[in-house]
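Asks: My structure is stored as data.cif, with mmCIF, C-alpha atoms and all ligand atoms; chains and numbers go by the auth columns.
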```
data_run
loop_
_atom_site.group_PDB
_atom_site.id
_atom_site.type_symbol
_atom_site.label_atom_id
_atom_site.label_comp_id
_atom_site.label_asym_id
_atom_site.label_seq_id
_atom_site.Cartn_x
_atom_site.Cartn_y
_atom_site.Cartn_z
_atom_site.B_iso_or_equiv
_atom_site.auth_seq_id
_atom_site.auth_asym_id
ATOM 1 C CA MET A 1 22.558 -3.055 8.755 0.00 38 L
ATOM 2 C CA ARG A 2 21.006 0.280 7.854 0.00 39 L
ATOM 3 C CA CYS A 3 21.931 3.230 10.066 0.00 40 L
ATOM 4 C CA PRO A 4 18.681 4.832 11.242 0.00 41 L
ATOM 5 C CA MET A 5 18.098 8.495 10.476 0.00 42 L
ATOM 6 C CA VAL A 6 15.945 11.105 12.143 0.00 43 L
ATOM 7 C CA ALA A 7 15.444 14.299 10.182 0.00 44 L
ATOM 8 C CA GLY A 8 13.744 17.461 11.420 0.00 45 L
ATOM 9 C CA ASN A 9 11.958 19.475 8.738 0.00 46 L
ATOM 10 C CA TRP A 10 11.486 22.954 10.183 0.00 47 L
ATOM 11 C CA LYS A 11 9.435 24.020 7.148 0.00 48 L
ATOM 12 C CA MET A 12 8.698 27.774 6.883 0.00 49 L
ATOM 13 C CA GLN A 13 9.169 28.357 10.593 0.00 50 L
ATOM 14 C CA GLY A 14 11.526 30.290 12.798 0.00 51 L
ATOM 15 C CA THR A 15 12.978 33.690 13.487 0.00 52 L
ATOM 16 C CA ARG A 16 16.603 34.456 14.257 0.00 53 L
ATOM 17 C CA ALA A 17 15.731 34.329 17.946 0.00 54 L
ATOM 18 C CA SER A 18 13.701 31.116 17.902 0.00 55 L
ATOM 19 C CA VAL A 19 16.257 29.354 15.701 0.00 56 L
ATOM 20 C CA ALA A 20 19.074 30.327 18.075 0.00 57 L
ATOM 21 C CA GLU A 21 17.049 28.937 20.964 0.00 58 L
ATOM 22 C CA LEU A 22 16.328 25.704 19.093 0.00 59 L
ATOM 23 C CA ILE A 23 20.026 25.243 18.304 0.00 60 L
ATOM 24 C CA GLU A 24 20.900 25.709 21.966 0.00 61 L
ATOM 25 C CA GLY A 25 18.289 23.100 22.889 0.00 62 L
ATOM 26 C CA LEU A 26 19.638 20.673 20.295 0.00 63 L
ATOM 27 C CA ARG A 27 23.188 21.078 21.528 0.00 64 L
ATOM 28 C CA ARG A 28 22.038 19.999 24.975 0.00 65 L
ATOM 29 C CA GLN A 29 20.472 16.741 23.725 0.00 66 L
ATOM 30 C CA GLU A 30 22.078 13.422 24.320 0.00 67 L
ATOM 31 C CA LEU A 31 21.901 11.824 20.900 0.00 68 L
ATOM 32 C CA PRO A 32 22.501 8.141 20.188 0.00 69 L
ATOM 33 C CA GLU A 33 25.709 7.508 18.266 0.00 70 L
ATOM 34 C CA ALA A 34 24.135 4.915 16.013 0.00 71 L
ATOM 35 C CA VAL A 35 21.548 7.322 14.585 0.00 72 L
ATOM 36 C CA GLU A 36 22.185 9.908 11.893 0.00 73 L
ATOM 37 C CA VAL A 37 20.438 13.140 12.856 0.00 74 L
ATOM 38 C CA ALA A 38 19.796 16.050 10.520 0.00 75 L
ATOM 39 C CA VAL A 39 17.834 19.281 10.623 0.00 76 L
ATOM 40 C CA PHE A 40 16.366 21.148 7.659 0.00 77 L
ATOM 41 C CA PRO A 41 15.993 24.881 8.425 0.00 78 L
ATOM 42 C CA SER A 42 14.566 27.423 5.999 0.00 79 L
ATOM 43 C CA MET A 43 16.957 28.726 3.338 0.00 80 L
ATOM 44 C CA LEU A 44 17.199 31.964 5.282 0.00 81 L
ATOM 45 C CA HIS A 45 18.625 30.270 8.361 0.00 82 L
ATOM 46 C CA LEU A 46 20.530 27.462 6.732 0.00 83 L
ATOM 47 C CA SER A 47 24.110 28.668 6.785 0.00 84 L
ATOM 48 C CA ARG A 48 23.770 30.129 10.288 0.00 85 L
ATOM 49 C CA VAL A 49 22.477 26.802 11.551 0.00 86 L
ATOM 50 C CA SER A 50 25.237 24.965 9.748 0.00 87 L
ATOM 51 C CA ASP A 51 27.885 27.209 11.343 0.00 88 L
ATOM 52 C CA ALA A 52 26.301 26.889 14.776 0.00 89 L
ATOM 53 C CA LEU A 53 26.162 23.094 14.592 0.00 90 L
ATOM 54 C CA ALA A 54 29.666 22.648 13.181 0.00 91 L
ATOM 55 C CA GLY A 55 31.577 20.217 15.341 0.00 92 L
ATOM 56 C CA THR A 56 28.412 18.431 16.524 0.00 93 L
ATOM 57 C CA VAL A 57 27.022 15.192 15.112 0.00 94 L
ATOM 58 C CA LEU A 58 24.020 17.040 13.711 0.00 95 L
ATOM 59 C CA ARG A 59 23.963 17.494 9.978 0.00 96 L
ATOM 60 C CA VAL A 60 22.156 20.217 8.105 0.00 97 L
ATOM 61 C CA GLY A 61 19.976 19.877 5.042 0.00 98 L
ATOM 62 C CA ALA A 62 17.873 22.094 2.786 0.00 99 L
ATOM 63 C CA GLN A 63 14.153 21.732 2.149 0.00 100 L
ATOM 64 C CA ASP A 64 14.439 22.282 -1.599 0.00 101 L
ATOM 65 C CA CYS A 65 16.826 23.321 -4.363 0.00 102 L
ATOM 66 C CA ALA A 66 16.778 24.548 -7.941 0.00 103 L
ATOM 67 C CA VAL A 67 16.387 22.173 -10.877 0.00 104 L
ATOM 68 C CA GLN A 68 19.890 23.049 -12.022 0.00 105 L
ATOM 69 C CA SER A 69 22.867 22.267 -9.817 0.00 106 L
ATOM 70 C CA GLU A 70 25.133 25.113 -10.911 0.00 107 L
ATOM 71 C CA GLN A 71 24.765 28.816 -10.146 0.00 108 L
ATOM 72 C CA GLY A 72 23.077 30.923 -12.791 0.00 109 L
ATOM 73 C CA ALA A 73 20.355 33.410 -13.651 0.00 110 L
ATOM 74 C CA LEU A 74 17.344 31.927 -11.864 0.00 111 L
ATOM 75 C CA THR A 75 15.824 34.557 -9.604 0.00 112 L
ATOM 76 C CA GLY A 76 14.769 33.388 -6.181 0.00 113 L
ATOM 77 C CA GLU A 77 16.208 29.873 -6.473 0.00 114 L
ATOM 78 C CA VAL A 78 19.162 28.299 -4.695 0.00 115 L
ATOM 79 C CA ALA A 79 21.469 25.924 -6.580 0.00 116 L
ATOM 80 C CA ALA A 80 22.545 22.614 -5.076 0.00 117 L
ATOM 81 C CA SER A 81 26.176 23.692 -5.483 0.00 118 L
ATOM 82 C CA GLN A 82 25.430 26.779 -3.355 0.00 119 L
ATOM 83 C CA LEU A 83 23.887 24.552 -0.709 0.00 120 L
ATOM 84 C CA VAL A 84 27.099 22.538 -0.560 0.00 121 L
ATOM 85 C CA ASP A 85 28.997 25.783 -0.065 0.00 122 L
ATOM 86 C CA GLY A 86 26.565 26.673 2.749 0.00 123 L
ATOM 87 C CA GLY A 87 27.403 23.503 4.656 0.00 124 L
ATOM 88 C CA CYS A 88 24.465 21.418 3.501 0.00 125 L
ATOM 89 C CA LYS A 89 24.731 17.633 3.367 0.00 126 L
ATOM 90 C CA LEU A 90 21.194 16.625 2.406 0.00 127 L
ATOM 91 C CA VAL A 91 18.241 18.045 0.482 0.00 128 L
ATOM 92 C CA LEU A 92 14.548 17.189 0.701 0.00 129 L
ATOM 93 C CA VAL A 93 13.086 16.602 -2.741 0.00 130 L
ATOM 94 C CA GLY A 94 9.414 16.391 -3.634 0.00 131 L
ATOM 95 C CA HIS A 95 7.858 17.163 -0.269 0.00 132 L
ATOM 96 C CA SER A 96 4.068 16.898 -0.610 0.00 133 L
ATOM 97 C CA GLU A 97 3.645 20.561 0.331 0.00 134 L
ATOM 98 C CA ARG A 98 5.708 21.442 -2.744 0.00 135 L
ATOM 99 C CA ARG A 99 3.964 18.874 -4.944 0.00 136 L
ATOM 100 C CA LEU A 100 0.429 19.820 -3.903 0.00 137 L
ATOM 101 C CA ILE A 101 0.551 23.512 -2.933 0.00 138 L
ATOM 102 C CA LEU A 102 3.246 24.655 -5.355 0.00 139 L
ATOM 103 C CA GLY A 103 2.400 22.251 -8.176 0.00 140 L
ATOM 104 C CA GLU A 104 5.760 20.504 -8.371 0.00 141 L
ATOM 105 C CA SER A 105 5.494 17.681 -10.894 0.00 142 L
ATOM 106 C CA ASP A 106 7.322 14.353 -10.923 0.00 143 L
ATOM 107 C CA SER A 107 9.544 15.642 -13.727 0.00 144 L
ATOM 108 C CA VAL A 108 10.615 18.675 -11.663 0.00 145 L
ATOM 109 C CA VAL A 109 11.221 16.389 -8.684 0.00 146 L
ATOM 110 C CA VAL A 110 13.413 14.164 -10.858 0.00 147 L
ATOM 111 C CA ARG A 111 15.485 17.145 -12.038 0.00 148 L
ATOM 112 C CA LYS A 112 15.997 18.337 -8.461 0.00 149 L
ATOM 113 C CA PHE A 113 16.919 14.816 -7.346 0.00 150 L
ATOM 114 C CA ALA A 114 19.518 14.666 -10.136 0.00 151 L
ATOM 115 C CA ALA A 115 20.850 18.117 -9.224 0.00 152 L
ATOM 116 C CA VAL A 116 21.359 17.053 -5.601 0.00 153 L
ATOM 117 C CA LYS A 117 23.032 13.791 -6.618 0.00 154 L
ATOM 118 C CA SER A 118 25.419 15.587 -8.965 0.00 155 L
ATOM 119 C CA THR A 119 26.877 17.517 -6.031 0.00 156 L
ATOM 120 C CA GLY A 120 27.395 14.443 -3.843 0.00 157 L
ATOM 121 C CA MET A 121 24.753 15.505 -1.303 0.00 158 L
ATOM 122 C CA THR A 122 22.081 13.047 -0.186 0.00 159 L
ATOM 123 C CA PRO A 123 18.609 13.547 -1.652 0.00 160 L
ATOM 124 C CA VAL A 124 15.675 12.650 0.593 0.00 161 L
ATOM 125 C CA LEU A 125 12.888 11.784 -1.844 0.00 162 L
ATOM 126 C CA CYS A 126 9.453 12.346 -0.297 0.00 163 L
ATOM 127 C CA VAL A 127 6.524 10.245 -1.499 0.00 164 L
ATOM 128 C CA GLY A 128 3.012 9.711 -0.186 0.00 165 L
ATOM 129 C CA GLU A 129 -0.669 9.531 -0.967 0.00 166 L
ATOM 130 C CA THR A 130 -3.533 11.888 -0.157 0.00 167 L
ATOM 131 C CA ARG A 131 -6.507 10.805 1.952 0.00 168 L
ATOM 132 C CA GLU A 132 -8.668 10.500 -1.162 0.00 169 L
ATOM 133 C CA GLN A 133 -6.086 8.294 -2.863 0.00 170 L
ATOM 134 C CA ARG A 134 -5.851 6.038 0.205 0.00 171 L
ATOM 135 C CA GLU A 135 -9.624 5.745 0.494 0.00 172 L
ATOM 136 C CA ALA A 136 -9.830 4.826 -3.184 0.00 173 L
ATOM 137 C CA GLY A 137 -7.264 2.054 -2.625 0.00 174 L
ATOM 138 C CA PHE A 138 -4.489 3.719 -4.649 0.00 175 L
ATOM 139 C CA THR A 139 -1.849 4.151 -1.926 0.00 176 L
ATOM 140 C CA LEU A 140 0.706 1.659 -3.229 0.00 177 L
ATOM 141 C CA ALA A 141 0.177 2.686 -6.855 0.00 178 L
ATOM 142 C CA VAL A 142 0.659 6.395 -6.096 0.00 179 L
ATOM 143 C CA VAL A 143 3.812 5.815 -4.091 0.00 180 L
ATOM 144 C CA ALA A 144 5.163 3.376 -6.691 0.00 181 L
ATOM 145 C CA ALA A 145 4.657 5.926 -9.468 0.00 182 L
ATOM 146 C CA GLN A 146 6.433 8.687 -7.517 0.00 183 L
ATOM 147 C CA LEU A 147 9.391 6.382 -6.926 0.00 184 L
ATOM 148 C CA ALA A 148 9.395 5.012 -10.484 0.00 185 L
ATOM 149 C CA ALA A 149 9.594 8.559 -11.852 0.00 186 L
ATOM 150 C CA VAL A 150 13.093 8.735 -10.349 0.00 187 L
ATOM 151 C CA THR A 151 14.288 5.212 -11.124 0.00 188 L
ATOM 152 C CA ASP A 152 12.929 5.315 -14.706 0.00 189 L
ATOM 153 C CA ALA A 153 14.658 8.611 -15.442 0.00 190 L
ATOM 154 C CA LEU A 154 17.881 8.215 -13.468 0.00 191 L
ATOM 155 C CA GLY A 155 18.243 4.473 -12.948 0.00 192 L
ATOM 156 C CA VAL A 156 18.068 2.485 -9.725 0.00 193 L
ATOM 157 C CA GLN A 157 21.725 3.331 -9.032 0.00 194 L
ATOM 158 C CA SER A 158 20.571 6.869 -8.262 0.00 195 L
ATOM 159 C CA LEU A 159 19.078 5.483 -5.034 0.00 196 L
ATOM 160 C CA HIS A 160 22.532 4.529 -3.809 0.00 197 L
ATOM 161 C CA ASN A 161 23.248 6.965 -0.951 0.00 198 L
ATOM 162 C CA ALA A 162 19.759 8.392 -1.256 0.00 199 L
ATOM 163 C CA VAL A 163 16.947 8.278 1.297 0.00 200 L
ATOM 164 C CA VAL A 164 13.219 7.825 0.706 0.00 201 L
ATOM 165 C CA ALA A 165 10.665 9.339 3.071 0.00 202 L
ATOM 166 C CA TYR A 166 7.144 7.949 3.053 0.00 203 L
ATOM 167 C CA GLU A 167 4.829 10.704 4.213 0.00 204 L
ATOM 168 C CA PRO A 168 1.108 10.061 3.872 0.00 205 L
ATOM 169 C CA VAL A 169 -0.355 13.506 3.176 0.00 206 L
ATOM 170 C CA TRP A 170 -3.315 12.876 5.478 0.00 207 L
ATOM 171 C CA ALA A 171 -0.928 12.331 8.401 0.00 208 L
ATOM 172 C CA ILE A 172 1.119 15.513 7.932 0.00 209 L
ATOM 173 C CA GLY A 173 0.450 18.142 10.549 0.00 210 L
ATOM 174 C CA THR A 174 -2.915 16.573 11.380 0.00 211 L
ATOM 175 C CA GLY A 175 -2.052 14.632 14.512 0.00 212 L
ATOM 176 C CA LEU A 176 -3.215 11.513 12.628 0.00 213 L
ATOM 177 C CA THR A 177 -0.403 9.003 12.321 0.00 214 L
ATOM 178 C CA ALA A 178 -0.332 5.961 10.092 0.00 215 L
ATOM 179 C CA THR A 179 -0.382 2.894 12.283 0.00 216 L
ATOM 180 C CA PRO A 180 2.942 1.055 12.387 0.00 217 L
ATOM 181 C CA GLU A 181 1.300 -1.687 10.284 0.00 218 L
ATOM 182 C CA GLN A 182 -0.036 0.768 7.680 0.00 219 L
ATOM 183 C CA ALA A 183 3.366 2.445 7.387 0.00 220 L
ATOM 184 C CA GLN A 184 5.253 -0.869 7.312 0.00 221 L
ATOM 185 C CA ALA A 185 3.080 -2.120 4.445 0.00 222 L
ATOM 186 C CA VAL A 186 4.037 0.890 2.304 0.00 223 L
ATOM 187 C CA HIS A 187 7.710 0.763 3.314 0.00 224 L
ATOM 188 C CA ALA A 188 7.877 -2.944 2.435 0.00 225 L
ATOM 189 C CA SER A 189 6.280 -2.221 -0.923 0.00 226 L
ATOM 190 C CA ILE A 190 8.829 0.535 -1.640 0.00 227 L
ATOM 191 C CA ARG A 191 11.704 -1.769 -0.750 0.00 228 L
ATOM 192 C CA ALA A 192 10.285 -4.612 -2.865 0.00 229 L
ATOM 193 C CA GLN A 193 9.933 -2.266 -5.849 0.00 230 L
ATOM 194 C CA VAL A 194 13.597 -1.277 -5.550 0.00 231 L
ATOM 195 C CA ALA A 195 14.637 -4.907 -4.946 0.00 232 L
ATOM 196 C CA ARG A 196 13.114 -5.929 -8.283 0.00 233 L
ATOM 197 C CA LEU A 197 15.651 -3.567 -9.865 0.00 234 L
ATOM 198 C CA ASP A 198 18.625 -4.098 -7.536 0.00 235 L
ATOM 199 C CA ALA A 199 18.492 -6.221 -4.386 0.00 236 L
ATOM 200 C CA GLU A 200 21.621 -4.724 -2.835 0.00 237 L
ATOM 201 C CA ILE A 201 20.470 -1.132 -3.217 0.00 238 L
ATOM 202 C CA ALA A 202 17.083 -2.084 -1.773 0.00 239 L
ATOM 203 C CA GLU A 203 18.720 -3.669 1.272 0.00 240 L
ATOM 204 C CA GLY A 204 20.794 -0.558 1.983 0.00 241 L
ATOM 205 C CA LEU A 205 18.064 1.999 1.239 0.00 242 L
ATOM 206 C CA ARG A 206 16.871 3.952 4.233 0.00 243 L
ATOM 207 C CA ILE A 207 13.119 4.559 4.188 0.00 244 L
ATOM 208 C CA LEU A 208 11.894 7.100 6.739 0.00 245 L
ATOM 209 C CA TYR A 209 8.327 7.556 7.913 0.00 246 L
ATOM 210 C CA GLY A 210 6.876 11.067 8.252 0.00 247 L
ATOM 211 C CA GLY A 211 3.490 12.294 9.436 0.00 248 L
ATOM 212 C CA SER A 212 2.792 13.410 12.991 0.00 249 L
ATOM 213 C CA VAL A 213 5.783 11.563 14.443 0.00 250 L
ATOM 214 C CA LYS A 214 6.281 12.431 18.100 0.00 251 L
ATOM 215 C CA ALA A 215 8.143 11.013 21.057 0.00 252 L
ATOM 216 C CA ALA A 216 5.041 9.081 22.115 0.00 253 L
ATOM 217 C CA ASN A 217 4.676 7.116 18.858 0.00 254 L
ATOM 218 C CA ALA A 218 8.239 7.040 17.501 0.00 255 L
ATOM 219 C CA ALA A 219 9.492 3.815 19.094 0.00 256 L
ATOM 220 C CA GLU A 220 6.530 1.805 17.859 0.00 257 L
ATOM 221 C CA LEU A 221 6.942 3.098 14.292 0.00 258 L
ATOM 222 C CA PHE A 222 10.721 2.733 14.244 0.00 259 L
ATOM 223 C CA GLY A 223 10.388 -0.819 15.560 0.00 260 L
ATOM 224 C CA MET A 224 8.925 -1.986 12.249 0.00 261 L
ATOM 225 C CA GLN A 225 11.217 -3.948 9.962 0.00 262 L
ATOM 226 C CA ASP A 226 11.326 -1.540 7.027 0.00 263 L
ATOM 227 C CA ILE A 227 11.035 1.772 8.902 0.00 264 L
ATOM 228 C CA ASP A 228 14.539 3.172 9.233 0.00 265 L
ATOM 229 C CA GLY A 229 13.727 6.368 11.112 0.00 266 L
ATOM 230 C CA GLY A 230 11.589 9.437 10.706 0.00 267 L
ATOM 231 C CA LEU A 231 11.107 12.743 8.944 0.00 268 L
ATOM 232 C CA VAL A 232 9.639 14.950 11.632 0.00 269 L
ATOM 233 C CA GLY A 233 7.838 18.254 11.131 0.00 270 L
ATOM 234 C CA GLY A 234 6.102 19.964 14.052 0.00 271 L
ATOM 235 C CA ALA A 235 7.788 17.928 16.787 0.00 272 L
ATOM 236 C CA SER A 236 11.246 18.859 15.450 0.00 273 L
ATOM 237 C CA LEU A 237 10.699 22.466 16.563 0.00 274 L
ATOM 238 C CA ASN A 238 10.917 21.353 20.186 0.00 275 L
ATOM 239 C CA ALA A 239 14.488 20.284 20.996 0.00 276 L
ATOM 240 C CA ASP A 240 13.555 17.995 23.884 0.00 277 L
ATOM 241 C CA GLU A 241 10.822 16.267 21.905 0.00 278 L
ATOM 242 C CA PHE A 242 13.109 15.905 18.883 0.00 279 L
ATOM 243 C CA GLY A 243 15.888 14.541 21.073 0.00 280 L
ATOM 244 C CA ALA A 244 13.500 11.950 22.495 0.00 281 L
ATOM 245 C CA ILE A 245 12.508 10.896 18.950 0.00 282 L
ATOM 246 C CA CYS A 246 16.185 10.511 18.036 0.00 283 L
ATOM 247 C CA ARG A 247 16.750 8.365 21.108 0.00 284 L
ATOM 248 C CA ALA A 248 13.741 6.199 20.148 0.00 285 L
ATOM 249 C CA ALA A 249 15.476 5.510 16.826 0.00 286 L
ATOM 250 C CA GLY A 250 18.571 4.315 18.669 0.00 287 L
ATOM 251 C CA MET A 251 16.814 1.701 20.762 0.00 288 L
HETATM 252 P P1 LIG B . 4.468 16.710 10.877 0.00 1 Q
HETATM 253 O O1 LIG B . 5.447 15.902 11.675 0.00 1 Q
HETATM 254 O O2 LIG B . 4.263 18.084 11.415 0.00 1 Q
HETATM 255 O O3 LIG B . 3.204 15.945 10.645 0.00 1 Q
HETATM 256 O O4 LIG B . 5.132 16.944 9.426 0.00 1 Q
HETATM 257 C C1 LIG B . 5.647 15.869 8.731 0.00 1 Q
HETATM 258 C C2 LIG B . 6.400 16.389 7.561 0.00 1 Q
HETATM 259 O O5 LIG B . 5.823 16.885 6.606 0.00 1 Q
HETATM 260 C C3 LIG B . 7.863 16.305 7.594 0.00 1 Q
HETATM 261 O O6 LIG B . 8.418 16.589 6.358 0.00 1 Q
#
```
As structure tokens - that is how I would like this structure written.
Replies:
Amino acid sequence: MRCPMVAGNWKMQGTRASVAELIEGLRRQELPEAVEVAVFPSMLHLSRVSDALAGTVLRVGAQDCAVQSEQGALTGEVAASQLVDGGCKLVLVGHSERRLILGESDSVVVRKFAAVKSTGMTPVLCVGETREQREAGFTLAVVAAQLAAVTDALGVQSLHNAVVAYEPVWAIGTGLTATPEQAQAVHASIRAQVARLDAEIAEGLRILYGGSVKAANAAELFGMQDIDGGLVGGASLNADEFGAICRAAGM
């Protein structure tokens, strides 16, 4: 049995005041015990959030990290080892906003994934196709290539204690959600690809769906066989809405 996960990606949002308010709201939520819940604040707020949520079931993750895991001369970057020191347990790797807006290549994503793994934190590898790629019929091929970049370079064992998040780019922040059937088809394909390399790792691999997840559509998505929870953007900035999504994952 895979333990479902709901992760809130706060992206480049929040002030000291709004983050404090969000934390208060999260602390008030009744969260299901059988669901792992994590939030991913900006680097600026990360250690404050981690301190404020210490002693709760909520875990804290980072949205990115440097390609090298150890501290060093790399202006503006944050090393995975520093994230561990800041109370971080997970790191998003290869979010489409970084791939497409900041030009992050598969090889950079692989190096970051390896850096996270080397510290013992959990990488959350984000994959997904653009609207144009879907319309051209390339969805499964695009996602397979993004996943294969990691397994080819680091081996399938690197997916042990890792998480994959399928986030169709056209569904991110648009209010358009993949239908449960569309998402399930991609999740099943991801799991089958991993199973061809290692059946046990495939069975244990959590695959989250992301893209306009909200309380109103979460239960239907999470009810699909290969959807093990969600990576939530906009809706994670509202504590009550996020709490409701977490509860949907526990049903
Ligand atoms: P939205 O939930 O705002 O569509 O964002 C999804 C996402 O990119 C999470 O990483």
Asks: Determine, counting only C-alpha atoms, which protein, DNA and RNA residues have an atom within 7 Å of an atom of range 148-150 of chain L; residues of the same chain fewer than 2 positions away are not included. Present the result as a PyMOL selection string.
Replies: chain L and resi 102-104+130+144-146+152-154+160
Asks: Taking into account all atoms listed in the file, which residue in the set L:Val94, L:Val43, L:Ala202, L:Ala117 is nearest to His132 in chain L?
Replies: L:Ala202
Asks: Could you list the protein, DNA and RNA residues that have any atom within 9 Å of ligand LIG 1 (chain Q), counting all atoms listed in the file, and write them as a ChimeraX atom specification?
Replies: /L:44-48,100,129,132-134,163,202,204-214,246-251,267-273
Asks: I want to know what sits within 7 Å of range 38-40 of chain L, based on all atoms listed in the file, with residues of the same chain fewer than 5 positions away left out; could you give that as a PyMOL selection string?
Replies: chain L and resi 71-73+241+243
Asks: Using Å and a single decimal, report how far CA of Phe77 in chain L sits from CA of Gln262 in chain L.
Replies: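 Between CA of Gln262 in chain L and CA of Phe77 in chain L the gap is 25.7 Å.
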Asks: If the PyMOL selection byres (((chain L and resi 158) around 10) and not hetatm) is run on the structure shown, which residues does it catch, given as a PyMOL selection string?
Replies: chain L and resi 98+117-118+120-121+125-128+150+152-157+159-161+198-199
Asks: To one decimal place in Å, what is the distance between CA of Val86 in chain L and CA of Asp277 in chain L?
Replies: 17.6 Å
Asks: Could you check how far CA of Ser55 in chain L sits from CA of Ser79 in chain L, in Å to one decimal?
Replies: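 Computing it gives 12.5 Å between the two atoms.
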Asks: Could you tell me which of L:Glu172, L:Glu58, L:Val193, L:Gly280 comes closest to Arg233 in chain L if we count all atoms listed in the file?
Replies: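 That would be L:Val193, the residue with the smallest distance to Arg233 in chain L.
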Asks: Please determine, counting all atoms listed in the file, which residue among L:Ala54, L:Phe259, L:Glu114, L:Gly124 has the shortest atom-to-atom distance to Gly92 in chain L.
Replies: L:Gly124
Asks: For the PyMOL selection byres (((chain L and resi 252) around 8) and not hetatm), applied here, can you spell out every residue it catches as JSON, numbers by chain?
Replies: {"L": [250, 251, 253, 254, 255, 256, 278, 279, 281, 282, 285]}
Asks: Could you tell me which of L:Ile138, L:Ile238, L:Val200, L:Val223 comes closest to Met42 in chain L if we count all atoms listed in the file?
Replies: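 Closest to Met42 in chain L of all the choices is L:Val200.
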Asks: So which residues get picked by the PyMOL selection byres (((chain L and resi 190-192) around 10) and not hetatm) here, written as a VMD selection string?
Replies: chain L and resid 144 147 to 148 150 to 151 185 to 189 193 to 196 234
Asks: Using all atoms listed in the file, which of the listed residues (L:Ile227, L:Asp122, L:Leu274, L:Gly113) sits closest to Val76 in chain L?
Replies: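 Closest to Val76 in chain L, using all atoms listed in the file: L:Leu274.
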Asks: Smallest atom-to-atom distance to Glu141 in chain L: which of L:Leu90, L:Glu218, L:Asn275, L:Gln183, using only C-alpha atoms?
Replies: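 Using only C-alpha atoms, the shortest distance to Glu141 in chain L belongs to L:Gln183.
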Asks: Working from the structure I just supplied, which lacks atoms in range 98-102 of chain L, can you model all heavy atoms there and output them as a PDB file, in the coordinates of the input?
Replies:
```
ATOM      1  N   GLY L  98      20.478  20.079   6.392  1.00  0.00           N
ATOM      2  CA  GLY L  98      19.976  19.877   5.042  1.00  0.00           C
ATOM      3  C   GLY L  98      19.085  21.033   4.622  1.00  0.00           C
ATOM      4  O   GLY L  98      18.681  21.862   5.444  1.00  0.00           O
ATOM      5  N   ALA L  99      18.779  21.071   3.314  1.00  0.00           N
ATOM      6  CA  ALA L  99      17.873  22.094   2.786  1.00  0.00           C
ATOM      7  C   ALA L  99      16.534  21.447   2.440  1.00  0.00           C
ATOM      8  O   ALA L  99      16.464  20.238   2.220  1.00  0.00           O
ATOM      9  CB  ALA L  99      18.482  22.732   1.546  1.00  0.00           C
ATOM     10  N   GLN L 100      15.506  22.263   2.401  1.00  0.00           N
ATOM     11  CA  GLN L 100      14.153  21.732   2.149  1.00  0.00           C
ATOM     12  C   GLN L 100      13.830  21.642   0.666  1.00  0.00           C
ATOM     13  O   GLN L 100      12.802  21.081   0.280  1.00  0.00           O
ATOM     14  CB  GLN L 100      13.119  22.626   2.835  1.00  0.00           C
ATOM     15  CG  GLN L 100      13.285  22.700   4.337  1.00  0.00           C
ATOM     16  CD  GLN L 100      12.400  23.762   4.967  1.00  0.00           C
ATOM     17  OE1 GLN L 100      11.450  24.235   4.359  1.00  0.00           O
ATOM     18  NE2 GLN L 100      12.708  24.148   6.189  1.00  0.00           N
ATOM     19  N   ASP L 101      14.713  22.213  -0.162  1.00  0.00           N
ATOM     20  CA  ASP L 101      14.439  22.282  -1.599  1.00  0.00           C
ATOM     21  C   ASP L 101      15.710  22.774  -2.281  1.00  0.00           C
ATOM     22  O   ASP L 101      16.647  23.230  -1.608  1.00  0.00           O
ATOM     23  CB  ASP L 101      13.291  23.272  -1.839  1.00  0.00           C
ATOM     24  CG  ASP L 101      12.879  23.362  -3.302  1.00  0.00           C
ATOM     25  OD1 ASP L 101      12.851  22.322  -3.968  1.00  0.00           O
ATOM     26  OD2 ASP L 101      12.587  24.482  -3.771  1.00  0.00           O
ATOM     27  N   CYS L 102      15.745  22.694  -3.599  1.00  0.00           N
ATOM     28  CA  CYS L 102      16.826  23.321  -4.363  1.00  0.00           C
ATOM     29  C   CYS L 102      16.324  23.577  -5.772  1.00  0.00           C
ATOM     30  O   CYS L 102      15.224  23.156  -6.133  1.00  0.00           O
ATOM     31  CB  CYS L 102      18.070  22.427  -4.389  1.00  0.00           C
ATOM     32  SG  CYS L 102      17.850  20.927  -5.359  1.00  0.00           S
TER      33      CYS L 102
END
```
